[in-house]
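Chemist: The structure under discussion is supplied below as structure tokens; questions concerning it will follow.
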Amino acid sequence: MKFKLVVLFFISIFLVSCSEYLPWQEYFLSTIDADGNNLKHLVKDVFGVPKFSQDGEKIIIANNQGFWTVNSDGTDYICILDSLDVSYNHFSISPISEKLIFFQQGEIYQLDYINGDFTKLFIYENEGAWFPSFSPDGSKILFSTTSIGQGDSTIVKMYSMNEDGTNQNLLYQNSSPYFSLIRYPTFSNDMEKIYFVYGGLVCCNYDGTDIELIVSGNISMSSCPISISTEYVVYTDYIDMFSYNIITGVILNLGNGDNPNISPDGTQITFDDYDLYTINIDGSNRTKIAESSGRFQSFSPDGEKIVFYGQIDHSRKKDNNPLE
């Protein structure tokens, strides 16, 4: 009996000793320069979709519980709206004002991310709204709707409206015998074209004419499957990223990656492939620039920084863990 107690004592000492060196992680909302320098961990244990404000001074985070903001230096982390869910964590920031738009239960809302005031721009009556986005000049909003038609078919539509919700203009309409929807309608930088996902990557003129199916097939349902620059549209198909050259029509496979975001000057893409990466728009210089704990990232308006969810892995003694 005494021998058994001695053995158990030494086993317990061994297990405690080993547990002191178990690895652990910390997770942060983070920023890093686009060249991989100047990594800064801002706020711990924050998750959602982060984007810079139009002036680059704030970072806005959306998740299923609402919206938060934090200054770009990590100070003044606050909740600005927690009374409404953010469907698909999808939101679009105005390029000219301190407002953003999002949708929830078929309705579109506009939120002032400085003072927290919000208004409803589209009311769900016969049609439910999806995926609103601002135009590059901030004057227009694109969005899609779904409704049930005769025989339980789905009627899908795409609209534009003024940034205050007025002058709703039907651009495109189609019907389907099964549930479907138009996802992520987005203006080109010159506002002459609109790109959206509907049975593949689709393009039309700004007024909804000349519909063209560019790529047929599955395109990711992630929070940012389309990113547009002056010459390129970048999209994903659940596994790989692709760039479509608007001028030449050439489609280039960029390899594995998710949630691509094109830099403002159109030369570089940041994306997630289990960690944070950048790649040139021509597919060259694929570079891991940081350890990542999430799959959402985007450039600042000047293209100098990337906001993402950074990870720190630790292997020192557990009793030195400041989280405990």
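Just so we're on the same page: first chain in the structure tokens is A, next is B, and so on; residues restart at 1 for each chain, and ligands are numbered from 1 in the order they show up.
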Excluding same-chain residues fewer than 3 positions from Ser293 (chain A), what lies within 6 Å of it counting only C-alpha atoms, as a PDB file with N, CA and C atoms, in the first residue's frame?
Modeler:
ATOM      1  N   TYR A 309      -7.114  39.387 -37.219  1.00  0.00           N
ATOM      2  CA  TYR A 309      -7.088  38.795 -35.884  1.00  0.00           C
ATOM      3  C   TYR A 309      -5.785  38.041 -35.704  1.00  0.00           C
ATOM      4  N   GLY A 310      -4.911  38.610 -34.887  1.00  0.00           N
ATOM      5  CA  GLY A 310      -3.597  38.042 -34.676  1.00  0.00           C
ATOM      6  C   GLY A 310      -3.576  37.049 -33.527  1.00  0.00           C
ATOM      7  N   GLN A 311      -2.612  36.153 -33.578  1.00  0.00           N
ATOM      8  CA  GLN A 311      -2.479  35.107 -32.575  1.00  0.00           C
ATOM      9  C   GLN A 311      -1.061  35.103 -32.026  1.00  0.00           C
TER      10      GLN A 311
END
Chemist: Show which residues sit within 8 Å of region 102-117 of chain A, as a PDB file with N, CA and C atoms, in the first residue's frame. Count only C-alpha atoms, and ignore same-chain residues fewer than 4 positions away.
Modeler:
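Result file result.pdb:
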ATOM      1  N   ILE A  60     -13.917  49.246 -37.143  1.00  0.00           N
ATOM      2  CA  ILE A  60     -15.288  48.851 -36.834  1.00  0.00           C
ATOM      3  C   ILE A  60     -15.367  47.336 -36.905  1.00  0.00           C
ATOM      4  N   THR A  69     -16.481  49.639 -31.945  1.00  0.00           N
ATOM      5  CA  THR A  69     -15.415  50.411 -32.574  1.00  0.00           C
ATOM      6  C   THR A  69     -14.245  50.525 -31.619  1.00  0.00           C
ATOM      7  N   ILE A  80     -21.180  50.144 -29.941  1.00  0.00           N
ATOM      8  CA  ILE A  80     -22.013  51.225 -30.459  1.00  0.00           C
ATOM      9  C   ILE A  80     -23.423  50.755 -30.802  1.00  0.00           C
ATOM     10  N   LEU A  81     -23.626  49.446 -30.922  1.00  0.00           N
ATOM     11  CA  LEU A  81     -24.967  48.924 -31.188  1.00  0.00           C
ATOM     12  C   LEU A  81     -25.019  47.451 -30.805  1.00  0.00           C
ATOM     13  N   LEU A  84     -29.375  44.964 -32.355  1.00  0.00           N
ATOM     14  CA  LEU A  84     -29.711  44.332 -33.622  1.00  0.00           C
ATOM     15  C   LEU A  84     -28.614  43.352 -34.024  1.00  0.00           C
ATOM     16  N   ASP A  85     -29.020  42.191 -34.541  1.00  0.00           N
ATOM     17  CA  ASP A  85     -28.062  41.254 -35.100  1.00  0.00           C
ATOM     18  C   ASP A  85     -27.537  41.791 -36.428  1.00  0.00           C
ATOM     19  N   VAL A  86     -26.349  41.344 -36.818  1.00  0.00           N
ATOM     20  CA  VAL A  86     -25.764  41.721 -38.103  1.00  0.00           C
ATOM     21  C   VAL A  86     -25.726  40.464 -38.964  1.00  0.00           C
ATOM     22  N   SER A  87     -26.653  40.351 -39.899  1.00  0.00           N
ATOM     23  CA  SER A  87     -26.752  39.133 -40.697  1.00  0.00           C
ATOM     24  C   SER A  87     -25.467  38.891 -41.486  1.00  0.00           C
ATOM     25  N   HIS A  90     -22.236  41.048 -42.301  1.00  0.00           N
ATOM     26  CA  HIS A  90     -22.011  41.825 -43.522  1.00  0.00           C
ATOM     27  C   HIS A  90     -22.349  43.293 -43.283  1.00  0.00           C
ATOM     28  N   PHE A  91     -21.413  44.176 -43.623  1.00  0.00           N
ATOM     29  CA  PHE A  91     -21.693  45.610 -43.575  1.00  0.00           C
ATOM     30  C   PHE A  91     -20.804  46.338 -44.565  1.00  0.00           C
ATOM     31  N   SER A  92     -21.232  47.537 -44.939  1.00  0.00           N
ATOM     32  CA  SER A  92     -20.502  48.348 -45.912  1.00  0.00           C
ATOM     33  C   SER A  92     -20.341  49.748 -45.341  1.00  0.00           C
ATOM     34  N   GLU A  98     -19.481  59.202 -41.918  1.00  0.00           N
ATOM     35  CA  GLU A  98     -19.246  58.325 -40.778  1.00  0.00           C
ATOM     36  C   GLU A  98     -20.437  57.400 -40.567  1.00  0.00           C
ATOM     37  N   LEU A 121     -33.569  52.045 -43.699  1.00  0.00           N
ATOM     38  CA  LEU A 121     -33.647  52.527 -45.077  1.00  0.00           C
ATOM     39  C   LEU A 121     -34.581  51.700 -45.943  1.00  0.00           C
ATOM     40  N   PHE A 122     -34.753  50.431 -45.586  1.00  0.00           N
ATOM     41  CA  PHE A 122     -35.620  49.547 -46.363  1.00  0.00           C
ATOM     42  C   PHE A 122     -36.418  48.701 -45.391  1.00  0.00           C
ATOM     43  N   ILE A 123     -37.763  48.708 -45.559  1.00  0.00           N
ATOM     44  CA  ILE A 123     -38.652  47.978 -44.665  1.00  0.00           C
ATOM     45  C   ILE A 123     -39.129  46.698 -45.341  1.00  0.00           C
ATOM     46  N   TYR A 124     -39.058  45.593 -44.607  1.00  0.00           N
ATOM     47  CA  TYR A 124     -39.502  44.308 -45.129  1.00  0.00           C
ATOM     48  C   TYR A 124     -41.029  44.264 -45.157  1.00  0.00           C
ATOM     49  N   GLU A 127     -40.902  41.973 -49.780  1.00  0.00           N
ATOM     50  CA  GLU A 127     -39.568  41.543 -50.190  1.00  0.00           C
ATOM     51  C   GLU A 127     -38.595  41.699 -49.019  1.00  0.00           C
ATOM     52  N   GLY A 128     -37.697  40.711 -48.886  1.00  0.00           N
ATOM     53  CA  GLY A 128     -36.655  40.792 -47.878  1.00  0.00           C
ATOM     54  C   GLY A 128     -35.337  41.193 -48.504  1.00  0.00           C
ATOM     55  N   ALA A 129     -34.638  42.136 -47.889  1.00  0.00           N
ATOM     56  CA  ALA A 129     -33.408  42.692 -48.462  1.00  0.00           C
ATOM     57  C   ALA A 129     -32.174  41.934 -47.998  1.00  0.00           C
ATOM     58  N   TRP A 130     -31.151  41.936 -48.868  1.00  0.00           N
ATOM     59  CA  TRP A 130     -29.890  41.255 -48.598  1.00  0.00           C
ATOM     60  C   TRP A 130     -28.717  42.125 -49.062  1.00  0.00           C
ATOM     61  N   PHE A 131     -27.601  42.021 -48.380  1.00  0.00           N
ATOM     62  CA  PHE A 131     -26.263  42.439 -48.814  1.00  0.00           C
ATOM     63  C   PHE A 131     -26.172  43.844 -49.418  1.00  0.00           C
ATOM     64  N   PRO A 132     -26.512  44.880 -48.670  1.00  0.00           N
ATOM     65  CA  PRO A 132     -26.364  46.240 -49.193  1.00  0.00           C
ATOM     66  C   PRO A 132     -24.891  46.656 -49.261  1.00  0.00           C
ATOM     67  N   THR A 145     -33.087  41.599 -53.212  1.00  0.00           N
ATOM     68  CA  THR A 145     -34.249  41.169 -52.431  1.00  0.00           C
ATOM     69  C   THR A 145     -34.704  39.791 -52.901  1.00  0.00           C
TER      70      THR A 145
END
Chemist: Extract, using only C-alpha atoms, all DNA, RNA and protein residues at most 12 Å from region 284-286 of chain A, discarding same-chain residues fewer than 5 positions from it, and format them as a count of residues only.
Modeler: 18
Chemist: Just want the 12 Å neighbourhood of Lys51 (chain A), counted on only C-alpha atoms, with same-chain residues fewer than 3 positions away dropped. Output as a PyMOL selection string.
Modeler: chain A and resi 29-31+48+54-63+67-72+89-94+100+113+223-224+261+296-301+305-309
Chemist: Can you list, as a ChimeraX atom specification, all residues belonging to region 89-282 of chain A that DSSP tags as strand (DSSP E or B)?
Modeler: /A:91-93,99-104,107-112,118-122,128-134,140-148,154-162,169-176,183-187,193-197,200-205,212-216,227-228,232-236,240-245,251-256,258-262,268-272,276-280
Chemist: So that I can see what lies close to region 169-182 of chain A, please list as an MDAnalysis selection string the residues with an atom at most 9 Å from it, counting only C-alpha atoms and leaving out residues fewer than 3 positions away in the same chain.
Modeler: chainID A and resid 130:131 143:146 148:149 151:161 185 196:199 206:209 211
Chemist: Go ahead and write the selection's residues with C-alpha atoms as a CSV table (one decimal), in the first residue's frame.
Modeler:
chain,number,residue,atom,x,y,z
A,130,TRP,CA,-29.9,41.3,-48.6
A,131,PHE,CA,-26.3,42.4,-48.8
A,143,PHE,CA,-28.9,45.6,-52.6
A,144,SER,CA,-30.9,42.5,-53.5
A,145,THR,CA,-34.2,41.2,-52.4
A,146,THR,CA,-36.1,37.9,-52.4
A,148,ILE,CA,-42.2,34.2,-52.9
A,149,GLY,CA,-44.0,34.2,-56.3
A,151,GLY,CA,-46.2,28.3,-57.2
A,152,ASP,CA,-43.7,29.0,-54.3
A,153,SER,CA,-41.1,30.1,-56.8
A,154,THR,CA,-38.5,32.6,-55.6
A,155,ILE,CA,-38.4,36.1,-57.2
A,156,VAL,CA,-35.0,37.7,-56.9
A,157,LYS,CA,-34.3,41.4,-57.6
A,158,MET,CA,-31.5,43.8,-57.5
A,159,TYR,CA,-32.0,47.5,-56.7
A,160,SER,CA,-30.1,50.7,-56.4
A,161,MET,CA,-31.2,53.6,-54.1
A,185,PRO,CA,-23.9,43.3,-55.6
A,196,PHE,CA,-22.7,40.2,-58.2
A,197,VAL,CA,-23.0,36.5,-57.4
A,198,TYR,CA,-26.0,34.6,-58.9
A,199,GLY,CA,-25.2,31.1,-60.2
A,206,TYR,CA,-24.9,50.3,-64.0
A,207,ASP,CA,-28.6,50.4,-65.1
A,208,GLY,CA,-29.0,46.6,-65.1
A,209,THR,CA,-28.7,46.1,-68.8
A,211,ILE,CA,-26.3,40.8,-68.1
Chemist: Considering only C-alpha atoms, return as a JSON list (two decimals) with N, CA and C atoms, in the first residue's frame whatever protein or nucleic-acid residues lie within 6 Å of region 212-219 of chain A, sequence-local ones (same chain, fewer than 5 positions apart) excluded.
Modeler:
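Once everything was written out, this is part.json:
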[["chain", "number", "residue", "atom", "x", "y", "z"],
["A", 199, "GLY", "N", -25.56, 32.26, -59.35],
["A", 199, "GLY", "CA", -25.21, 31.14, -60.22],
["A", 199, "GLY", "C", -23.80, 31.24, -60.75],
["A", 200, "GLY", "N", -23.00, 32.06, -60.13],
["A", 200, "GLY", "CA", -21.63, 32.33, -60.57],
["A", 200, "GLY", "C", -21.35, 33.82, -60.44],
["A", 201, "LEU", "N", -20.28, 34.27, -61.04],
["A", 201, "LEU", "CA", -19.94, 35.69, -61.04],
["A", 201, "LEU", "C", -20.61, 36.35, -62.25],
["A", 202, "VAL", "N", -21.42, 37.37, -61.99],
["A", 202, "VAL", "CA", -22.22, 38.01, -63.03],
["A", 202, "VAL", "C", -21.87, 39.49, -63.10],
["A", 203, "CYS", "N", -21.95, 40.05, -64.30],
["A", 203, "CYS", "CA", -21.69, 41.46, -64.53],
["A", 203, "CYS", "C", -22.84, 42.07, -65.32],
["A", 236, "THR", "N", -13.64, 34.01, -54.66],
["A", 236, "THR", "CA", -13.20, 32.69, -54.21],
["A", 236, "THR", "C", -14.28, 31.65, -54.54],
["A", 237, "ASP", "N", -13.83, 30.38, -54.63],
["A", 237, "ASP", "CA", -14.77, 29.29, -54.90],
["A", 237, "ASP", "C", -14.73, 28.24, -53.80]]
Chemist: Can you measure CA of Ser97 (chain A) to CA of Tyr77 (chain A) for me? One decimal in Å is fine.
Modeler: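 CA of Tyr77 (chain A) lies at a distance of 20.5 Å from CA of Ser97 (chain A).
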Chemist: Of the candidates A:Val46, A:Gly66, A:Ile141, A:Gly303, which shows the shortest atom-to-atom distance to Gln168 (chain A), using only C-alpha atoms?
Modeler: A:Ile141
Chemist: Which neighbours of Ile226 (chain A) fall inside 8 Å, counting only C-alpha atoms, when residues of the same chain fewer than 3 positions from it are skipped, and could you give them as a ChimeraX atom specification?
Modeler: /A:184,233-236,260-261
Chemist: Using only C-alpha atoms, which of the listed residues (A:Cys79, A:Ile312, A:Met191, A:Ile96) sits closest to Leu142 (chain A)?
Modeler: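 Counting only C-alpha atoms, the residue closest to Leu142 (chain A) is A:Met191.
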Chemist: With only C-alpha atoms as the atoms that count, which of A:Asp82, A:Glu231, A:Asp302, A:Asp265 lies nearest to Gly249 (chain A)?
Modeler: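 Closest to Gly249 (chain A), using only C-alpha atoms: A:Glu231.
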